[in-house]
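One structure is given here, and the rest of the page talks about it.
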Amino acid sequence: MSSAGAGQQQFRYTQTPSKVLHLRNLPWECAEEELVELCKPFGKIVNTKCNVGANRNQAFVEFADLNQAISMVSYYASSSEPAQVRGKTVYIQYSNRQEIVNNKSSGDVVGNVLLVTIEGVEAGDVSIDVIHLVFSAFGFVHKIATFEKAAGFQALIQFSDSGTASEARNALDGRSIPRYLLPEHVTSCLLRISFSAHTDLNIKFQSHRSRDYTNPYLPVNPSAIDGTLQPTLGPDGKKKEPESNVLLASIENMQYAVTVDVLHTVFSAFGTVQKIAIFEKNGGMQALIQYPDVATAAVAKDSLEGHCIYDGGYCKLHLSYSRHTDLNVKAHSDKSRDYTVQDAGILAVPQAPGVPTVGTGWQGSSQMFAGPQAPATSSQIPGWDPSSHSYVSAPVTYPGQTSTPPVPPYPGAGAIPTAAAASPTASQLISQYGMQPTGQHSSGTGAAQPPYY
DNA sequence: AGCACA
């Protein structure tokens with residue numbers, strides 16, 4: 001009712017004095033120091049707020065004492081010289097508020113450690129590996145600590161520097177973790193990100209709640225009994241197979257060619273694939289896929305389990321952890337690949353007959369799947385394709401976005417395989433997605449990451 | 001040139 005009257009009340013003669021002054025017509029990106037220079041002759045400045053308004057050319061300055069603000073206003077009211085910043089006339093009035101309330105309350109002070117609140121989930125819903133994967137897109141994640149507070153499930157994520165932390169925050173704050181990285185029942189999962197005051201987290205153990213990626217030899221949480229390959233317990237308390245950086249994939253209903261290149265494309269969506277070996281077992285096809293670390297393998301396993309490489313239920317993947325940790329495979333054959341050696345393909349390495357391979361014979365090339373004669377339909381859905389909605393159970397989009405946006409994915413997401421769909425030849429795949437350079441274990445950054453938009 | 005957390 002009275003809103004119109006209240007709005008009209010702001011005539012210059014009716015304004016009540018305030019310790020807070022409103023300054024407008026400031027020069028572009030006026031720095032706080034410039035405001036202070038202008039105002040401090042009149043008193044002690046206790047707070048400021050810069051870059052206010054649509055043009056970001058307004059500001060507020062709060063004096064310690066009301067009389068100081070009055071003295072400044074009355075000085076310029078009767079001065080022949082107007083208040084100026086960089087030669088530009090600045091207009092000064094009492095603010096209609098009595099104090100500056102600014103939100104740069106610690107959480108906006110940049111630092112290299114992010115405080116991430118994951119809304120709408122319980123602690124068990126988002127694994128530390130998923131968090132690691134999501135934030136690794138921006139740079140090497142040194143450490144992660146998760147905990148539950150009144151605010152909900154939270155994580156501290158430590159980057160090398162505040163620059164990378166800022167990039168991650170800018171890209172992910174207010175966004176959600178992609179659905180396909182979450183359990184089915186999780187419907188929304190907003191990330192609220194601010195800066196922590198911490199600079200270096202003190203991680204005592206590798207555990208389901210904390211990780212130190214700079215120190216892989218850090219002892220495992222003592223509660224997880226017995227050393228290196230700790231049998232992890234599922235949510236229902238059942239023993240799961242020991243985790244490994246190598247996945248064993250069995251491929252069901254294999255109507256179409258599944259080549260090393262196709263697998264490389266598929267599994268690269270989650271990180272650097274170091275080695276792949278395809279072999280036959282019990283009349284079915286299996287493959288071993290080696291990642292640099294178990295965390296990446298775990299995410300890939302959880303994300304791809306039960307999904308099909310090709311639309312229509314073809315080439316369904318079943319994933320488990322291999323007992324292997326480092327595959328010994330021929331660098332370049334039709335059934336195996338070592339991406340950690342350079343240009344193996346071109347050099348057509350002579351077959352050293354004595355080279356032992358791990359386990360049994362995926363080097364025996366059965367030529368079941370001669371060429372990449374993948375289905376002709378363009379609807380084969382690589383589920384890691386962010387524009388695809390069919391492969392995963394839920395669209396991989398962020399709130400407010402319903403389709404593939406024109407902007408590229410955020411940094412680090414450059415190598416998302418988007419189109420194994422077009423039945424690429426091996427060479428097309430290779431040139432499109434590139435081989436991993438020699439020995440370049442994923443620094444946690446460069447590898448293809450799941451799509452974020 | 002005219003008031004900031006959504």
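Residue names in the structure tokens use chain letters A, B, ... in the order shown, residue numbers from 1 in each chain, and ligand numbers from 1 in the order shown.
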
Report as CSV the residues of chain A within 9 Å of chain B, each with its shortest atom pair and distance in Å (one decimal), using only C-alpha atoms (C1' of nucleotides), ordered by chain and increasing residue number.
residue,atom,partner,partner_atom,distance
A:Gln10,CA,B:DG2,C1',8.7
A:His22,CA,B:DC3,C1',6.8
A:Arg24,CA,B:DA1,C1',6.4
A:Asn25,CA,B:DA1,C1',5.7
A:Lys49,CA,B:DA4,C1',7.9
A:Val52,CA,B:DA4,C1',6.4
A:Gly53,CA,B:DA4,C1',7.6
A:Gln58,CA,B:DC3,C1',8.7
A:Ala59,CA,B:DA4,C1',8.7
A:Phe60,CA,B:DA4,C1',8.4
A:Val90,CA,B:DA1,C1',8.9
A:Tyr91,CA,B:DA1,C1',7.4
A:Ser95,CA,B:DC3,C1',6.5
A:Asn96,CA,B:DC3,C1',6.8
A:Arg97,CA,B:DC3,C1',8.2
A:Ile100,CA,B:DA4,C1',8.2
A:Val101,CA,B:DA4,C1',8.0
A:Asn102,CA,B:DA4,C1',7.9
A:Asn103,CA,B:DC5,C1',7.3

(message) If I take atom CA of Arg169 of chain A and atom CA of Phe135 of chain A, how far is one from the other in Å, to one decimal?
(response)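 So the answer is 9.2 Å.
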
(message) Residues within 6 Å of segment 68-81 of chain A, please, as a PyMOL selection string. Count only C-alpha atoms (C1' of nucleotides); anything in the same chain fewer than 6 positions from it doesn't count.
(response) chain A and resi 19+42-43

(request) Counting only C-alpha atoms, figure out which residue out of A:Pro292, A:Pro17, A:Gly152, A:Gly312 gets nearest to Glu122 of chain A. (result)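 The shortest atom-to-atom distance to Glu122 of chain A comes from A:Gly152.
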
(message) DSSP on the backbone: which residues in segment 113-260 of chain A end up as alpha helix (DSSP H)? Give the answer as a list of chain:residue names.
(response) A:Ile128, A:Asp129, A:Val130, A:Ile131, A:His132, A:Leu133, A:Val134, A:Phe135, A:Ser136, A:Ser162, A:Gly163, A:Thr164, A:Ala165, A:Ser166, A:Glu167, A:Ala168, A:Arg169, A:Asn170, A:Ala171, A:Leu172, A:Val260

Those residues with N, CA, C and O atoms, as a PDB file, in the first residue's frame please?
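The resulting file, out-v3.pdb, is shown below:
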ATOM      1  N   ILE A 128      33.362 -40.008  -1.938  1.00  0.00           N
ATOM      2  CA  ILE A 128      34.499 -39.114  -2.041  1.00  0.00           C
ATOM      3  C   ILE A 128      35.129 -39.222  -3.425  1.00  0.00           C
ATOM      4  O   ILE A 128      35.690 -38.265  -3.951  1.00  0.00           O
ATOM      5  N   ASP A 129      34.978 -40.365  -4.055  1.00  0.00           N
ATOM      6  CA  ASP A 129      35.515 -40.531  -5.404  1.00  0.00           C
ATOM      7  C   ASP A 129      34.752 -39.682  -6.413  1.00  0.00           C
ATOM      8  O   ASP A 129      35.342 -39.124  -7.330  1.00  0.00           O
ATOM      9  N   VAL A 130      33.474 -39.607  -6.221  1.00  0.00           N
ATOM     10  CA  VAL A 130      32.681 -38.762  -7.110  1.00  0.00           C
ATOM     11  C   VAL A 130      33.069 -37.297  -6.916  1.00  0.00           C
ATOM     12  O   VAL A 130      33.256 -36.557  -7.880  1.00  0.00           O
ATOM     13  N   ILE A 131      33.197 -36.900  -5.682  1.00  0.00           N
ATOM     14  CA  ILE A 131      33.616 -35.526  -5.411  1.00  0.00           C
ATOM     15  C   ILE A 131      34.967 -35.256  -6.049  1.00  0.00           C
ATOM     16  O   ILE A 131      35.178 -34.226  -6.700  1.00  0.00           O
ATOM     17  N   HIS A 132      35.845 -36.188  -5.874  1.00  0.00           N
ATOM     18  CA  HIS A 132      37.190 -36.035  -6.446  1.00  0.00           C
ATOM     19  C   HIS A 132      37.116 -35.893  -7.955  1.00  0.00           C
ATOM     20  O   HIS A 132      37.756 -35.033  -8.555  1.00  0.00           O
ATOM     21  N   LEU A 133      36.325 -36.719  -8.564  1.00  0.00           N
ATOM     22  CA  LEU A 133      36.203 -36.670 -10.021  1.00  0.00           C
ATOM     23  C   LEU A 133      35.665 -35.319 -10.478  1.00  0.00           C
ATOM     24  O   LEU A 133      36.194 -34.700 -11.405  1.00  0.00           O
ATOM     25  N   VAL A 134      34.642 -34.868  -9.813  1.00  0.00           N
ATOM     26  CA  VAL A 134      34.005 -33.618 -10.211  1.00  0.00           C
ATOM     27  C   VAL A 134      34.993 -32.447 -10.111  1.00  0.00           C
ATOM     28  O   VAL A 134      35.123 -31.651 -11.033  1.00  0.00           O
ATOM     29  N   PHE A 135      35.702 -32.392  -9.022  1.00  0.00           N
ATOM     30  CA  PHE A 135      36.560 -31.228  -8.809  1.00  0.00           C
ATOM     31  C   PHE A 135      37.914 -31.362  -9.501  1.00  0.00           C
ATOM     32  O   PHE A 135      38.599 -30.363  -9.707  1.00  0.00           O
ATOM     33  N   SER A 136      38.274 -32.556  -9.863  1.00  0.00           N
ATOM     34  CA  SER A 136      39.534 -32.740 -10.583  1.00  0.00           C
ATOM     35  C   SER A 136      39.500 -32.124 -11.966  1.00  0.00           C
ATOM     36  O   SER A 136      40.545 -31.949 -12.592  1.00  0.00           O
ATOM     37  N   SER A 162      44.657 -20.699  -5.107  1.00  0.00           N
ATOM     38  CA  SER A 162      43.320 -20.124  -5.042  1.00  0.00           C
ATOM     39  C   SER A 162      42.746 -19.871  -6.425  1.00  0.00           C
ATOM     40  O   SER A 162      41.535 -19.800  -6.587  1.00  0.00           O
ATOM     41  N   GLY A 163      43.610 -19.759  -7.419  1.00  0.00           N
ATOM     42  CA  GLY A 163      43.102 -19.557  -8.766  1.00  0.00           C
ATOM     43  C   GLY A 163      42.263 -20.734  -9.243  1.00  0.00           C
ATOM     44  O   GLY A 163      41.139 -20.561  -9.736  1.00  0.00           O
ATOM     45  N   THR A 164      42.820 -21.923  -9.087  1.00  0.00           N
ATOM     46  CA  THR A 164      42.070 -23.118  -9.493  1.00  0.00           C
ATOM     47  C   THR A 164      40.842 -23.285  -8.623  1.00  0.00           C
ATOM     48  O   THR A 164      39.771 -23.648  -9.115  1.00  0.00           O
ATOM     49  N   ALA A 165      41.002 -23.005  -7.351  1.00  0.00           N
ATOM     50  CA  ALA A 165      39.845 -23.124  -6.465  1.00  0.00           C
ATOM     51  C   ALA A 165      38.734 -22.181  -6.907  1.00  0.00           C
ATOM     52  O   ALA A 165      37.563 -22.555  -6.932  1.00  0.00           O
ATOM     53  N   SER A 166      39.111 -20.980  -7.297  1.00  0.00           N
ATOM     54  CA  SER A 166      38.112 -20.022  -7.760  1.00  0.00           C
ATOM     55  C   SER A 166      37.421 -20.504  -9.019  1.00  0.00           C
ATOM     56  O   SER A 166      36.204 -20.385  -9.163  1.00  0.00           O
ATOM     57  N   GLU A 167      38.210 -21.055  -9.924  1.00  0.00           N
ATOM     58  CA  GLU A 167      37.598 -21.560 -11.156  1.00  0.00           C
ATOM     59  C   GLU A 167      36.590 -22.650 -10.854  1.00  0.00           C
ATOM     60  O   GLU A 167      35.491 -22.675 -11.420  1.00  0.00           O
ATOM     61  N   ALA A 168      36.964 -23.538  -9.975  1.00  0.00           N
ATOM     62  CA  ALA A 168      36.046 -24.615  -9.619  1.00  0.00           C
ATOM     63  C   ALA A 168      34.795 -24.049  -8.972  1.00  0.00           C
ATOM     64  O   ALA A 168      33.670 -24.452  -9.287  1.00  0.00           O
ATOM     65  N   ARG A 169      34.986 -23.099  -8.098  1.00  0.00           N
ATOM     66  CA  ARG A 169      33.848 -22.511  -7.427  1.00  0.00           C
ATOM     67  C   ARG A 169      32.929 -21.807  -8.418  1.00  0.00           C
ATOM     68  O   ARG A 169      31.707 -21.974  -8.411  1.00  0.00           O
ATOM     69  N   ASN A 170      33.525 -21.020  -9.294  1.00  0.00           N
ATOM     70  CA  ASN A 170      32.711 -20.284 -10.252  1.00  0.00           C
ATOM     71  C   ASN A 170      31.926 -21.209 -11.160  1.00  0.00           C
ATOM     72  O   ASN A 170      30.789 -20.923 -11.532  1.00  0.00           O
ATOM     73  N   ALA A 171      32.559 -22.308 -11.513  1.00  0.00           N
ATOM     74  CA  ALA A 171      31.892 -23.204 -12.458  1.00  0.00           C
ATOM     75  C   ALA A 171      30.830 -24.065 -11.779  1.00  0.00           C
ATOM     76  O   ALA A 171      29.827 -24.416 -12.396  1.00  0.00           O
ATOM     77  N   LEU A 172      31.027 -24.381 -10.522  1.00  0.00           N
ATOM     78  CA  LEU A 172      30.178 -25.393  -9.905  1.00  0.00           C
ATOM     79  C   LEU A 172      29.218 -24.867  -8.847  1.00  0.00           C
ATOM     80  O   LEU A 172      28.257 -25.561  -8.512  1.00  0.00           O
ATOM     81  N   VAL A 260      39.279 -52.021 -29.237  1.00  0.00           N
ATOM     82  CA  VAL A 260      40.068 -51.292 -28.251  1.00  0.00           C
ATOM     83  C   VAL A 260      39.735 -49.812 -28.306  1.00  0.00           C
ATOM     84  O   VAL A 260      39.599 -49.141 -27.280  1.00  0.00           O
TER      85      VAL A 260
END

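Between atom CA of Asp293 of chain A and atom CA of Ser207 of chain A the interatomic distance comes to 14.9 Å.
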
(message) What's the separation between atom CA of Ile251 of chain A and atom CA of Asp326 of chain A, in Å to one decimal place?
(response)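 Interatomic distance, atom CA of Ile251 of chain A to atom CA of Asp326 of chain A: 21.2 Å.
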
(request) Mind checking which residues fall within 12 Å of Pro216 of chain A, counting only C-alpha atoms (C1' of nucleotides), ignoring those fewer than 6 positions away in the same chain, and posting them as a PyMOL selection string? (result) chain A and resi 142-143+203-207+228+292-295

(request) Enumerate, as a VMD selection string, the complete set of residues in segment 9-232 of chain A that a backbone-based DSSP assignment places in strand (DSSP E or B). (result) chain A and resid 20 to 24 45 to 52 58 to 63 84 to 85 88 to 89 91 to 94 113 to 118 141 to 149 152 to 159 176 190 to 195 206 210 to 212 220
